[in-house]
Amino acid sequence: VNRPLELVVDRARRDVGEYLKLLDRDPHVLVPARVISRDLLRIATEAVGPAGAAQLVKRLGREIGRASAEAFLGHRESDGVDPVYRLLTGSMHLASAGFGDVDLLVFEPTFDERFAVLWESENSSSARNSVQEAGRSRVCHLEAGYSAGWCSVATGLPVEARELACRSEGVARCRFLVAHAGRFEAALADPRFHQPSAEYSVTPVRISAPGPP
Ligand SMILES: [Zn+2]
């Protein structure tokens, strides 16, 4: 399967939009954004402290991403085997589910230990709903976990994700690195994931949630 990226983007966007329109509420529940994007982190921080809370929320995000990918990709036929389609639909599903728009900055997926995707969001749900406080820190653990969970299912690889910069720290965009777990530290140190956003404008793939029909 080797089609131009734009064709796969269009197909993936249409399929996710149609899928979400048909989605039965059961086995899903609709949760107010601020509860899962803001209150959950606060409640977890009260219970287990900031480091444990970040881990817990990221773990939950990973399960949401994983379960969403299994539900969506489990019913795809021919396209369901195209690994690029399997990854791209994750970006659209994340956006359509309300976690934030996705800009793919580095999208050259190789399906081995070199696997890496770099993405940004200017309206991540966790950052949008976070309460600005002194000593601000990164808050988008849910979104980081979600992308790791979806990409793990999509690729069959052990995949990790981390937020590299967050709007709640005062920058314009939240940035996420998704990479093979076995080479995550090496990927983190790779300067090509730490350029200013404008440096990536050569072939941006802008993915927003589908608008109303
Ligand atoms: Zn963020």
# chains A, B, ... in the order shown; residues from 1 in each chain; ligands from 1
call {"tool": "residues_around", "arguments": {"residues": "A:Ala51", "least_positions_apart": "6", "cutoff": "12 Å", "atoms": "only C-alpha atoms", "output": "MDAnalysis selection string"}}
result
chainID A and resid 41:42 44:45 57:58 137:139 141
call {"tool": "write_last_selection", "arguments": {"atoms": "N, CA, C and O atoms", "output": "CSV table (one decimal), in the first residue's frame"}}
result
chain,number,residue,atom,x,y,z
A,41,LEU,N,-6.5,15.8,36.8
A,41,LEU,CA,-5.1,16.0,37.2
A,41,LEU,C,-5.1,16.6,38.6
A,41,LEU,O,-4.2,16.2,39.4
A,42,ARG,N,-6.0,17.5,38.9
A,42,ARG,CA,-6.0,18.1,40.3
A,42,ARG,C,-6.3,17.0,41.3
A,42,ARG,O,-5.7,16.9,42.4
A,44,ALA,N,-6.0,13.8,41.1
A,44,ALA,CA,-4.9,12.8,41.2
A,44,ALA,C,-3.7,13.4,42.0
A,44,ALA,O,-3.0,12.8,42.7
A,45,THR,N,-3.4,14.7,41.8
A,45,THR,CA,-2.3,15.4,42.4
A,45,THR,C,-2.6,15.4,43.9
A,45,THR,O,-1.7,15.2,44.8
A,57,VAL,N,-2.4,10.0,35.0
A,57,VAL,CA,-3.2,10.6,33.9
A,57,VAL,C,-2.7,10.2,32.6
A,57,VAL,O,-3.5,9.9,31.6
A,58,LYS,N,-1.4,10.1,32.4
A,58,LYS,CA,-0.8,9.6,31.1
A,58,LYS,C,-1.2,8.2,30.9
A,58,LYS,O,-1.5,7.8,29.8
A,137,SER,N,3.6,24.1,35.1
A,137,SER,CA,4.3,23.0,34.5
A,137,SER,C,3.4,22.4,33.4
A,137,SER,O,2.3,22.8,33.1
A,138,ARG,N,4.0,21.4,32.7
A,138,ARG,CA,3.2,20.7,31.6
A,138,ARG,C,2.0,20.0,32.2
A,138,ARG,O,2.1,19.4,33.2
A,139,VAL,N,0.9,20.0,31.4
A,139,VAL,CA,-0.3,19.5,31.9
A,139,VAL,C,-0.9,18.4,31.0
A,139,VAL,O,-1.9,17.8,31.3
A,141,HIS,N,-0.8,15.4,29.9
A,141,HIS,CA,-0.4,14.0,30.1
A,141,HIS,C,-1.4,13.1,29.4
A,141,HIS,O,-1.1,12.1,28.9
call {"tool": "residues_near_ligand", "arguments": {"ligand": "ligand 1", "cutoff": "6 Å", "atoms": "only C-alpha atoms and all ligand atoms", "output": "PyMOL selection string"}}
result
chain A and resi 127+138-140+166-167+174
call {"tool": "residues_around", "arguments": {"residues": "A:Pro32", "least_positions_apart": "6", "cutoff": "12 Å", "atoms": "only C-alpha atoms", "output": "list of chain:residue names"}}
result
A:Arg38, A:Asp39, A:Leu40, A:Ala97, A:Gly98, A:Phe99, A:Ser125, A:Asn129
call {"tool": "write_last_selection", "arguments": {"atoms": "N, CA and C atoms", "output": "PDB file, in the first residue's frame"}}
result
ATOM      1  N   ARG A  38      -8.959  18.772  33.297  1.00  0.00           N
ATOM      2  CA  ARG A  38      -8.437  19.628  34.355  1.00  0.00           C
ATOM      3  C   ARG A  38      -8.602  18.997  35.735  1.00  0.00           C
ATOM      4  N   ASP A  39      -9.864  18.654  36.068  1.00  0.00           N
ATOM      5  CA  ASP A  39     -10.141  18.183  37.427  1.00  0.00           C
ATOM      6  C   ASP A  39      -9.432  16.866  37.734  1.00  0.00           C
ATOM      7  N   LEU A  40      -9.357  15.991  36.736  1.00  0.00           N
ATOM      8  CA  LEU A  40      -8.711  14.695  36.970  1.00  0.00           C
ATOM      9  C   LEU A  40      -7.274  14.873  37.463  1.00  0.00           C
ATOM     10  N   ALA A  97     -12.378  13.696  18.913  1.00  0.00           N
ATOM     11  CA  ALA A  97     -12.851  13.359  20.256  1.00  0.00           C
ATOM     12  C   ALA A  97     -12.729  14.550  21.203  1.00  0.00           C
ATOM     13  N   GLY A  98     -12.106  15.640  20.736  1.00  0.00           N
ATOM     14  CA  GLY A  98     -12.089  16.866  21.527  1.00  0.00           C
ATOM     15  C   GLY A  98     -10.798  17.124  22.284  1.00  0.00           C
ATOM     16  N   PHE A  99      -9.754  16.336  22.029  1.00  0.00           N
ATOM     17  CA  PHE A  99      -8.505  16.519  22.766  1.00  0.00           C
ATOM     18  C   PHE A  99      -7.626  17.626  22.176  1.00  0.00           C
ATOM     19  N   SER A 125      -6.732  20.152  24.828  1.00  0.00           N
ATOM     20  CA  SER A 125      -7.809  20.280  25.810  1.00  0.00           C
ATOM     21  C   SER A 125      -7.283  20.493  27.227  1.00  0.00           C
ATOM     22  N   ASN A 129      -7.947  23.931  29.389  1.00  0.00           N
ATOM     23  CA  ASN A 129      -8.752  23.886  30.611  1.00  0.00           C
ATOM     24  C   ASN A 129      -7.930  24.059  31.881  1.00  0.00           C
TER      25      ASN A 129
END
call {"tool": "closest_atom_pairs", "arguments": {"of": "stretch 94-170 of chain A", "to": "stretch 60-80 of chain A", "cutoff": "10 Å", "atoms": "only C-alpha atoms", "output": "CSV"}}
result
residue,atom,partner,partner_atom,distance
A:Leu94,CA,A:Gly65,CA,8.0
A:Ala97,CA,A:Ser68,CA,9.8
A:Cys140,CA,A:Gly61,CA,9.6
A:His141,CA,A:Gly61,CA,7.1
A:Leu142,CA,A:Gly61,CA,4.3
A:Glu143,CA,A:Gly61,CA,6.3
A:Ala144,CA,A:Gly61,CA,7.2
A:Gly145,CA,A:Arg62,CA,4.1
A:Tyr146,CA,A:Gly65,CA,4.1
A:Ser147,CA,A:Gly65,CA,6.3
A:Ala148,CA,A:Arg62,CA,6.0
A:Gly149,CA,A:Arg62,CA,4.3
A:Trp150,CA,A:Gly65,CA,4.6
A:Cys151,CA,A:Arg66,CA,8.0
A:Ser152,CA,A:Arg66,CA,7.3
A:Val153,CA,A:Arg66,CA,6.2
A:Ala154,CA,A:Ala69,CA,7.1
A:Glu160,CA,A:Arg62,CA,9.5
A:Ala161,CA,A:Arg62,CA,9.4
call {"tool": "write_last_selection", "arguments": {"atoms": "N, CA and C atoms", "output": "CSV table (one decimal), in the first residue's frame"}}
result
chain,number,residue,atom,x,y,z
A,94,LEU,N,-8.2,11.7,17.6
A,94,LEU,CA,-7.9,12.5,18.8
A,94,LEU,C,-8.5,13.9,18.7
A,97,ALA,N,-12.4,13.7,18.9
A,97,ALA,CA,-12.9,13.4,20.3
A,97,ALA,C,-12.7,14.6,21.2
A,140,CYS,N,-0.4,18.3,29.7
A,140,CYS,CA,-1.1,17.5,28.7
A,140,CYS,C,-0.7,16.0,28.7
A,141,HIS,N,-0.8,15.4,29.9
A,141,HIS,CA,-0.4,14.0,30.1
A,141,HIS,C,-1.4,13.1,29.4
A,142,LEU,N,-2.7,13.6,29.4
A,142,LEU,CA,-3.8,12.8,28.8
A,142,LEU,C,-3.5,12.7,27.3
A,143,GLU,N,-3.2,13.8,26.6
A,143,GLU,CA,-2.9,13.8,25.2
A,143,GLU,C,-1.7,13.0,24.8
A,144,ALA,N,-0.6,13.2,25.7
A,144,ALA,CA,0.6,12.4,25.4
A,144,ALA,C,0.3,10.9,25.5
A,145,GLY,N,-0.4,10.5,26.5
A,145,GLY,CA,-0.7,9.1,26.7
A,145,GLY,C,-1.6,8.5,25.6
A,146,TYR,N,-2.6,9.4,25.2
A,146,TYR,CA,-3.5,9.0,24.1
A,146,TYR,C,-2.7,8.7,22.8
A,147,SER,N,-1.7,9.5,22.5
A,147,SER,CA,-1.0,9.3,21.2
A,147,SER,C,-0.1,8.1,21.3
A,148,ALA,N,0.4,7.8,22.5
A,148,ALA,CA,1.2,6.6,22.7
A,148,ALA,C,0.4,5.4,22.5
A,149,GLY,N,-0.8,5.4,23.1
A,149,GLY,CA,-1.7,4.3,23.1
A,149,GLY,C,-2.2,4.0,21.7
A,150,TRP,N,-2.6,5.0,20.9
A,150,TRP,CA,-3.1,4.8,19.6
A,150,TRP,C,-1.9,4.3,18.7
A,151,CYS,N,-0.8,4.9,18.8
A,151,CYS,CA,0.4,4.6,17.9
A,151,CYS,C,0.9,3.1,18.3
A,152,SER,N,0.7,2.7,19.5
A,152,SER,CA,1.1,1.3,19.8
A,152,SER,C,0.3,0.3,19.1
A,153,VAL,N,-1.1,0.6,19.1
A,153,VAL,CA,-2.0,-0.3,18.4
A,153,VAL,C,-1.8,-0.2,16.9
A,154,ALA,N,-1.6,1.0,16.4
A,154,ALA,CA,-1.5,1.2,15.0
A,154,ALA,C,-0.2,0.5,14.4
A,160,GLU,N,6.4,5.0,23.2
A,160,GLU,CA,6.3,5.9,24.3
A,160,GLU,C,6.0,7.3,23.8
A,161,ALA,N,5.5,8.2,24.6
A,161,ALA,CA,5.2,9.6,24.2
A,161,ALA,C,5.5,10.5,25.4
call {"tool": "closest_atom_pairs", "arguments": {"of": "stretch 96-174 of chain A", "to": "stretch 2-19 of chain A", "cutoff": "12 Å", "atoms": "only C-alpha atoms", "output": "CSV"}}
result
residue,atom,partner,partner_atom,distance
A:Ser96,CA,A:Gly17,CA,7.6
A:Ala97,CA,A:Val16,CA,10.1
A:Leu104,CA,A:Val9,CA,11.6
A:Phe107,CA,A:Leu5,CA,10.3
A:Glu108,CA,A:Leu5,CA,10.7
A:Pro109,CA,A:Leu5,CA,11.8
call {"tool": "write_last_selection", "arguments": {"atoms": "N, CA and C atoms", "output": "mmCIF file, in the first residue's frame"}}
result
data_model
loop_
_atom_site.group_PDB
_atom_site.id
_atom_site.type_symbol
_atom_site.label_atom_id
_atom_site.label_comp_id
_atom_site.auth_asym_id
_atom_site.auth_seq_id
_atom_site.Cartn_x
_atom_site.Cartn_y
_atom_site.Cartn_z
ATOM 1 N N SER A 96 -11.111 14.784 16.728
ATOM 2 C CA SER A 96 -12.580 14.693 16.710
ATOM 3 C C SER A 96 -13.140 14.393 18.082
ATOM 4 N N ALA A 97 -12.378 13.696 18.913
ATOM 5 C CA ALA A 97 -12.851 13.359 20.256
ATOM 6 C C ALA A 97 -12.729 14.550 21.203
ATOM 7 N N LEU A 104 1.128 17.704 12.372
ATOM 8 C CA LEU A 104 2.233 16.751 12.353
ATOM 9 C C LEU A 104 3.478 17.464 11.842
ATOM 10 N N PHE A 107 6.637 13.530 10.287
ATOM 11 C CA PHE A 107 5.818 12.341 10.040
ATOM 12 C C PHE A 107 6.496 11.529 8.944
ATOM 13 N N GLU A 108 7.492 10.791 9.350
ATOM 14 C CA GLU A 108 8.201 9.905 8.419
ATOM 15 C C GLU A 108 8.246 8.552 9.089
ATOM 16 N N PRO A 109 7.069 7.952 9.296
ATOM 17 C CA PRO A 109 7.066 6.757 10.132
ATOM 18 C C PRO A 109 7.804 5.586 9.499
#
call {"tool": "select_by_dssp", "arguments": {"residues": "stretch 154-201 of chain A", "states": "helix (DSSP H, G or I)", "output": "PyMOL selection string"}}
result
chain A and resi 154-155+167-169+181-188+191-193+197-200
call {"tool": "write_last_selection", "arguments": {"atoms": "N, CA, C and O atoms", "output": "mmCIF file, in the first residue's frame"}}
result
data_model
loop_
_atom_site.group_PDB
_atom_site.id
_atom_site.type_symbol
_atom_site.label_atom_id
_atom_site.label_comp_id
_atom_site.auth_asym_id
_atom_site.auth_seq_id
_atom_site.Cartn_x
_atom_site.Cartn_y
_atom_site.Cartn_z
ATOM 1 N N ALA A 154 -1.596 1.004 16.417
ATOM 2 C CA ALA A 154 -1.484 1.204 14.970
ATOM 3 C C ALA A 154 -0.245 0.529 14.392
ATOM 4 O O ALA A 154 -0.267 0.032 13.269
ATOM 5 N N THR A 155 0.852 0.527 15.150
ATOM 6 C CA THR A 155 2.121 0.010 14.621
ATOM 7 C C THR A 155 2.480 -1.367 15.143
ATOM 8 O O THR A 155 3.328 -2.041 14.561
ATOM 9 N N ARG A 167 1.630 24.753 26.454
ATOM 10 C CA ARG A 167 1.067 26.114 26.525
ATOM 11 C C ARG A 167 0.921 26.578 27.967
ATOM 12 O O ARG A 167 0.999 27.771 28.235
ATOM 13 N N SER A 168 0.709 25.655 28.873
ATOM 14 C CA SER A 168 0.547 26.070 30.272
ATOM 15 C C SER A 168 1.870 26.569 30.853
ATOM 16 O O SER A 168 1.884 27.163 31.929
ATOM 17 N N GLU A 169 2.984 26.337 30.133
ATOM 18 C CA GLU A 169 4.278 26.896 30.547
ATOM 19 C C GLU A 169 4.504 28.270 29.922
ATOM 20 O O GLU A 169 5.535 28.889 30.156
ATOM 21 N N ALA A 181 9.803 2.826 22.304
ATOM 22 C CA ALA A 181 10.186 2.845 23.722
ATOM 23 C C ALA A 181 11.656 2.465 23.921
ATOM 24 O O ALA A 181 12.328 3.013 24.802
ATOM 25 N N GLY A 182 12.155 1.587 23.092
ATOM 26 C CA GLY A 182 13.529 1.123 23.243
ATOM 27 C C GLY A 182 14.571 2.172 22.873
ATOM 28 O O GLY A 182 15.739 2.054 23.248
ATOM 29 N N ARG A 183 14.142 3.180 22.119
ATOM 30 C CA ARG A 183 15.085 4.224 21.705
ATOM 31 C C ARG A 183 14.566 5.601 22.118
ATOM 32 O O ARG A 183 14.913 6.608 21.503
ATOM 33 N N PHE A 184 13.746 5.645 23.155
ATOM 34 C CA PHE A 184 13.093 6.913 23.471
ATOM 35 C C PHE A 184 14.084 7.975 23.930
ATOM 36 O O PHE A 184 14.006 9.139 23.501
ATOM 37 N N GLU A 185 15.035 7.581 24.763
ATOM 38 C CA GLU A 185 16.006 8.573 25.263
ATOM 39 C C GLU A 185 16.839 9.124 24.113
ATOM 40 O O GLU A 185 17.145 10.319 24.066
ATOM 41 N N ALA A 186 17.221 8.268 23.179
ATOM 42 C CA ALA A 186 17.987 8.715 22.011
ATOM 43 C C ALA A 186 17.156 9.678 21.164
ATOM 44 O O ALA A 186 17.655 10.708 20.685
ATOM 45 N N ALA A 187 15.874 9.350 20.992
ATOM 46 C CA ALA A 187 14.999 10.232 20.215
ATOM 47 C C ALA A 187 14.858 11.591 20.910
ATOM 48 O O ALA A 187 14.890 12.640 20.263
ATOM 49 N N LEU A 188 14.717 11.553 22.238
ATOM 50 C CA LEU A 188 14.589 12.804 23.006
ATOM 51 C C LEU A 188 15.779 13.728 22.788
ATOM 52 O O LEU A 188 15.649 14.946 22.789
ATOM 53 N N PRO A 191 18.304 16.531 17.927
ATOM 54 C CA PRO A 191 17.978 17.949 17.732
ATOM 55 C C PRO A 191 16.870 18.195 16.712
ATOM 56 O O PRO A 191 16.237 19.257 16.737
ATOM 57 N N ARG A 192 16.579 17.236 15.829
ATOM 58 C CA ARG A 192 15.546 17.511 14.825
ATOM 59 C C ARG A 192 14.147 17.564 15.433
ATOM 60 O O ARG A 192 13.195 17.975 14.774
ATOM 61 N N PHE A 193 14.005 17.185 16.692
ATOM 62 C CA PHE A 193 12.704 17.305 17.356
ATOM 63 C C PHE A 193 12.613 18.556 18.225
ATOM 64 O O PHE A 193 11.639 18.744 18.948
ATOM 65 N N SER A 197 8.903 25.856 15.769
ATOM 66 C CA SER A 197 7.790 25.343 14.957
ATOM 67 C C SER A 197 7.900 25.745 13.491
ATOM 68 O O SER A 197 7.628 24.943 12.586
ATOM 69 N N ALA A 198 8.305 26.992 13.237
ATOM 70 C CA ALA A 198 8.361 27.497 11.857
ATOM 71 C C ALA A 198 9.351 26.715 11.001
ATOM 72 O O ALA A 198 9.225 26.670 9.775
ATOM 73 N N GLU A 199 10.321 26.097 11.611
ATOM 74 C CA GLU A 199 11.317 25.317 10.875
ATOM 75 C C GLU A 199 10.705 24.088 10.210
ATOM 76 O O GLU A 199 11.306 23.479 9.339
ATOM 77 N N TYR A 200 9.528 23.712 10.654
ATOM 78 C CA TYR A 200 8.916 22.485 10.141
ATOM 79 C C TYR A 200 7.900 22.771 9.046
ATOM 80 O O TYR A 200 7.189 21.878 8.628
#
call {"tool": "closest_residue", "arguments": {"among": "A:Val159, A:Ala179, A:Ala54, A:Val31", "to": "A:Arg114", "atoms": "only C-alpha atoms"}}
result
A:Ala179
call {"tool": "atom_distance", "arguments": {"atom1": "atom CA of A:Leu118", "atom2": "atom CA of A:Asp103"}}
result
8.7 Å
call {"tool": "closest_residue", "arguments": {"among": "A:Arg175, A:Gln55, A:Leu105, A:Thr110", "to": "A:Asn123", "atoms": "only C-alpha atoms"}}
result
A:Arg175
call {"tool": "select_by_dssp", "arguments": {"residues": "stretch 79-204 of chain A", "states": "strand (DSSP E)", "output": "list in words"}}
result
Val102, Asp103, Leu104, Leu105, Val106, Phe107, Ala116, Val117, Leu118, Trp119, Glu120, Ser121, Val159, Glu160, Ala161, Arg162, Glu163, Leu164, Ala165, Cys174, Arg175, Phe176, Leu177, Val178, Ala179 and His180 of chain A
call {"tool": "atom_distance", "arguments": {"atom1": "atom CA of A:Asp101", "atom2": "atom CA of A:Trp119"}}
result
9.9 Å
call {"tool": "closest_residue", "arguments": {"among": "A:Val178, A:Val29, A:Leu88, A:Ala189", "to": "A:Arg162", "atoms": "only C-alpha atoms"}}
result
A:Val178
call {"tool": "decode", "arguments": {"residues": "stretch 13-37 of chain A", "atoms": "N, CA, C and O atoms", "output": "PDB file, in the first residue's frame"}}
result
ATOM      1  N   ARG A  13      -9.724  11.187   7.183  1.00  0.00           N
ATOM      2  CA  ARG A  13     -10.600  12.213   7.764  1.00  0.00           C
ATOM      3  C   ARG A  13     -12.071  11.836   7.552  1.00  0.00           C
ATOM      4  O   ARG A  13     -12.886  11.919   8.464  1.00  0.00           O
ATOM      5  N   ARG A  14     -12.393  11.407   6.330  1.00  0.00           N
ATOM      6  CA  ARG A  14     -13.781  11.042   6.026  1.00  0.00           C
ATOM      7  C   ARG A  14     -14.219   9.836   6.868  1.00  0.00           C
ATOM      8  O   ARG A  14     -15.294   9.839   7.461  1.00  0.00           O
ATOM      9  N   ASP A  15     -13.366   8.840   6.949  1.00  0.00           N
ATOM     10  CA  ASP A  15     -13.737   7.616   7.675  1.00  0.00           C
ATOM     11  C   ASP A  15     -13.963   7.896   9.159  1.00  0.00           C
ATOM     12  O   ASP A  15     -14.903   7.389   9.761  1.00  0.00           O
ATOM     13  N   VAL A  16     -13.079   8.713   9.753  1.00  0.00           N
ATOM     14  CA  VAL A  16     -13.223   8.998  11.187  1.00  0.00           C
ATOM     15  C   VAL A  16     -14.496   9.806  11.427  1.00  0.00           C
ATOM     16  O   VAL A  16     -15.248   9.541  12.366  1.00  0.00           O
ATOM     17  N   GLY A  17     -14.764  10.802  10.556  1.00  0.00           N
ATOM     18  CA  GLY A  17     -15.975  11.604  10.701  1.00  0.00           C
ATOM     19  C   GLY A  17     -17.228  10.742  10.618  1.00  0.00           C
ATOM     20  O   GLY A  17     -18.136  10.859  11.442  1.00  0.00           O
ATOM     21  N   GLU A  18     -17.266   9.828   9.648  1.00  0.00           N
ATOM     22  CA  GLU A  18     -18.437   8.952   9.491  1.00  0.00           C
ATOM     23  C   GLU A  18     -18.554   7.997  10.671  1.00  0.00           C
ATOM     24  O   GLU A  18     -19.641   7.743  11.196  1.00  0.00           O
ATOM     25  N   TYR A  19     -17.423   7.495  11.101  1.00  0.00           N
ATOM     26  CA  TYR A  19     -17.404   6.552  12.231  1.00  0.00           C
ATOM     27  C   TYR A  19     -17.980   7.198  13.484  1.00  0.00           C
ATOM     28  O   TYR A  19     -18.810   6.624  14.186  1.00  0.00           O
ATOM     29  N   LEU A  20     -17.550   8.444  13.760  1.00  0.00           N
ATOM     30  CA  LEU A  20     -17.987   9.084  15.000  1.00  0.00           C
ATOM     31  C   LEU A  20     -19.469   9.461  14.937  1.00  0.00           C
ATOM     32  O   LEU A  20     -20.140   9.494  15.960  1.00  0.00           O
ATOM     33  N   LYS A  21     -19.975   9.725  13.712  1.00  0.00           N
ATOM     34  CA  LYS A  21     -21.401  10.023  13.581  1.00  0.00           C
ATOM     35  C   LYS A  21     -22.252   8.790  13.907  1.00  0.00           C
ATOM     36  O   LYS A  21     -23.345   8.895  14.439  1.00  0.00           O
ATOM     37  N   LEU A  22     -21.725   7.631  13.563  1.00  0.00           N
ATOM     38  CA  LEU A  22     -22.491   6.398  13.739  1.00  0.00           C
ATOM     39  C   LEU A  22     -22.271   5.756  15.100  1.00  0.00           C
ATOM     40  O   LEU A  22     -22.964   4.817  15.468  1.00  0.00           O
ATOM     41  N   LEU A  23     -21.287   6.290  15.832  1.00  0.00           N
ATOM     42  CA  LEU A  23     -20.859   5.628  17.057  1.00  0.00           C
ATOM     43  C   LEU A  23     -21.997   5.531  18.068  1.00  0.00           C
ATOM     44  O   LEU A  23     -22.629   6.520  18.412  1.00  0.00           O
ATOM     45  N   ASP A  24     -22.244   4.347  18.519  1.00  0.00           N
ATOM     46  CA  ASP A  24     -23.204   4.138  19.601  1.00  0.00           C
ATOM     47  C   ASP A  24     -22.618   4.675  20.894  1.00  0.00           C
ATOM     48  O   ASP A  24     -21.436   4.538  21.141  1.00  0.00           O
ATOM     49  N   ARG A  25     -23.427   5.308  21.723  1.00  0.00           N
ATOM     50  CA  ARG A  25     -22.924   5.820  22.992  1.00  0.00           C
ATOM     51  C   ARG A  25     -22.322   4.674  23.810  1.00  0.00           C
ATOM     52  O   ARG A  25     -21.245   4.776  24.357  1.00  0.00           O
ATOM     53  N   ASP A  26     -23.038   3.576  23.920  1.00  0.00           N
ATOM     54  CA  ASP A  26     -22.498   2.400  24.576  1.00  0.00           C
ATOM     55  C   ASP A  26     -21.566   1.710  23.591  1.00  0.00           C
ATOM     56  O   ASP A  26     -21.980   1.434  22.479  1.00  0.00           O
ATOM     57  N   PRO A  27     -20.327   1.412  23.871  1.00  0.00           N
ATOM     58  CA  PRO A  27     -19.684   1.413  25.184  1.00  0.00           C
ATOM     59  C   PRO A  27     -18.892   2.686  25.505  1.00  0.00           C
ATOM     60  O   PRO A  27     -17.922   2.615  26.262  1.00  0.00           O
ATOM     61  N   HIS A  28     -19.290   3.834  24.941  1.00  0.00           N
ATOM     62  CA  HIS A  28     -18.621   5.082  25.270  1.00  0.00           C
ATOM     63  C   HIS A  28     -19.497   5.913  26.195  1.00  0.00           C
ATOM     64  O   HIS A  28     -20.720   5.808  26.166  1.00  0.00           O
ATOM     65  N   VAL A  29     -18.850   6.768  26.998  1.00  0.00           N
ATOM     66  CA  VAL A  29     -19.601   7.765  27.756  1.00  0.00           C
ATOM     67  C   VAL A  29     -19.054   9.129  27.392  1.00  0.00           C
ATOM     68  O   VAL A  29     -17.880   9.271  27.056  1.00  0.00           O
ATOM     69  N   LEU A  30     -19.911  10.128  27.418  1.00  0.00           N
ATOM     70  CA  LEU A  30     -19.509  11.493  27.112  1.00  0.00           C
ATOM     71  C   LEU A  30     -19.201  12.202  28.433  1.00  0.00           C
ATOM     72  O   LEU A  30     -20.036  12.232  29.330  1.00  0.00           O
ATOM     73  N   VAL A  31     -18.003  12.758  28.536  1.00  0.00           N
ATOM     74  CA  VAL A  31     -17.557  13.359  29.794  1.00  0.00           C
ATOM     75  C   VAL A  31     -17.268  14.842  29.547  1.00  0.00           C
ATOM     76  O   VAL A  31     -16.623  15.167  28.554  1.00  0.00           O
ATOM     77  N   PRO A  32     -17.723  15.754  30.414  1.00  0.00           N
ATOM     78  CA  PRO A  32     -17.378  17.168  30.220  1.00  0.00           C
ATOM     79  C   PRO A  32     -15.852  17.345  30.167  1.00  0.00           C
ATOM     80  O   PRO A  32     -15.134  16.755  30.981  1.00  0.00           O
ATOM     81  N   ALA A  33     -15.393  18.159  29.220  1.00  0.00           N
ATOM     82  CA  ALA A  33     -13.949  18.278  28.978  1.00  0.00           C
ATOM     83  C   ALA A  33     -13.196  18.699  30.230  1.00  0.00           C
ATOM     84  O   ALA A  33     -12.128  18.167  30.536  1.00  0.00           O
ATOM     85  N   ARG A  34     -13.745  19.645  30.998  1.00  0.00           N
ATOM     86  CA  ARG A  34     -12.950  20.141  32.118  1.00  0.00           C
ATOM     87  C   ARG A  34     -12.731  19.070  33.189  1.00  0.00           C
ATOM     88  O   ARG A  34     -11.754  19.111  33.917  1.00  0.00           O
ATOM     89  N   VAL A  35     -13.641  18.103  33.258  1.00  0.00           N
ATOM     90  CA  VAL A  35     -13.489  17.049  34.272  1.00  0.00           C
ATOM     91  C   VAL A  35     -12.276  16.183  33.950  1.00  0.00           C
ATOM     92  O   VAL A  35     -11.424  15.940  34.807  1.00  0.00           O
ATOM     93  N   ILE A  36     -12.211  15.752  32.690  1.00  0.00           N
ATOM     94  CA  ILE A  36     -11.110  14.855  32.347  1.00  0.00           C
ATOM     95  C   ILE A  36      -9.833  15.638  32.033  1.00  0.00           C
ATOM     96  O   ILE A  36      -8.728  15.160  32.257  1.00  0.00           O
ATOM     97  N   SER A  37      -9.968  16.880  31.552  1.00  0.00           N
ATOM     98  CA  SER A  37      -8.798  17.645  31.130  1.00  0.00           C
ATOM     99  C   SER A  37      -8.195  18.491  32.238  1.00  0.00           C
ATOM    100  O   SER A  37      -7.053  18.905  32.154  1.00  0.00           O
TER     101      SER A  37
END
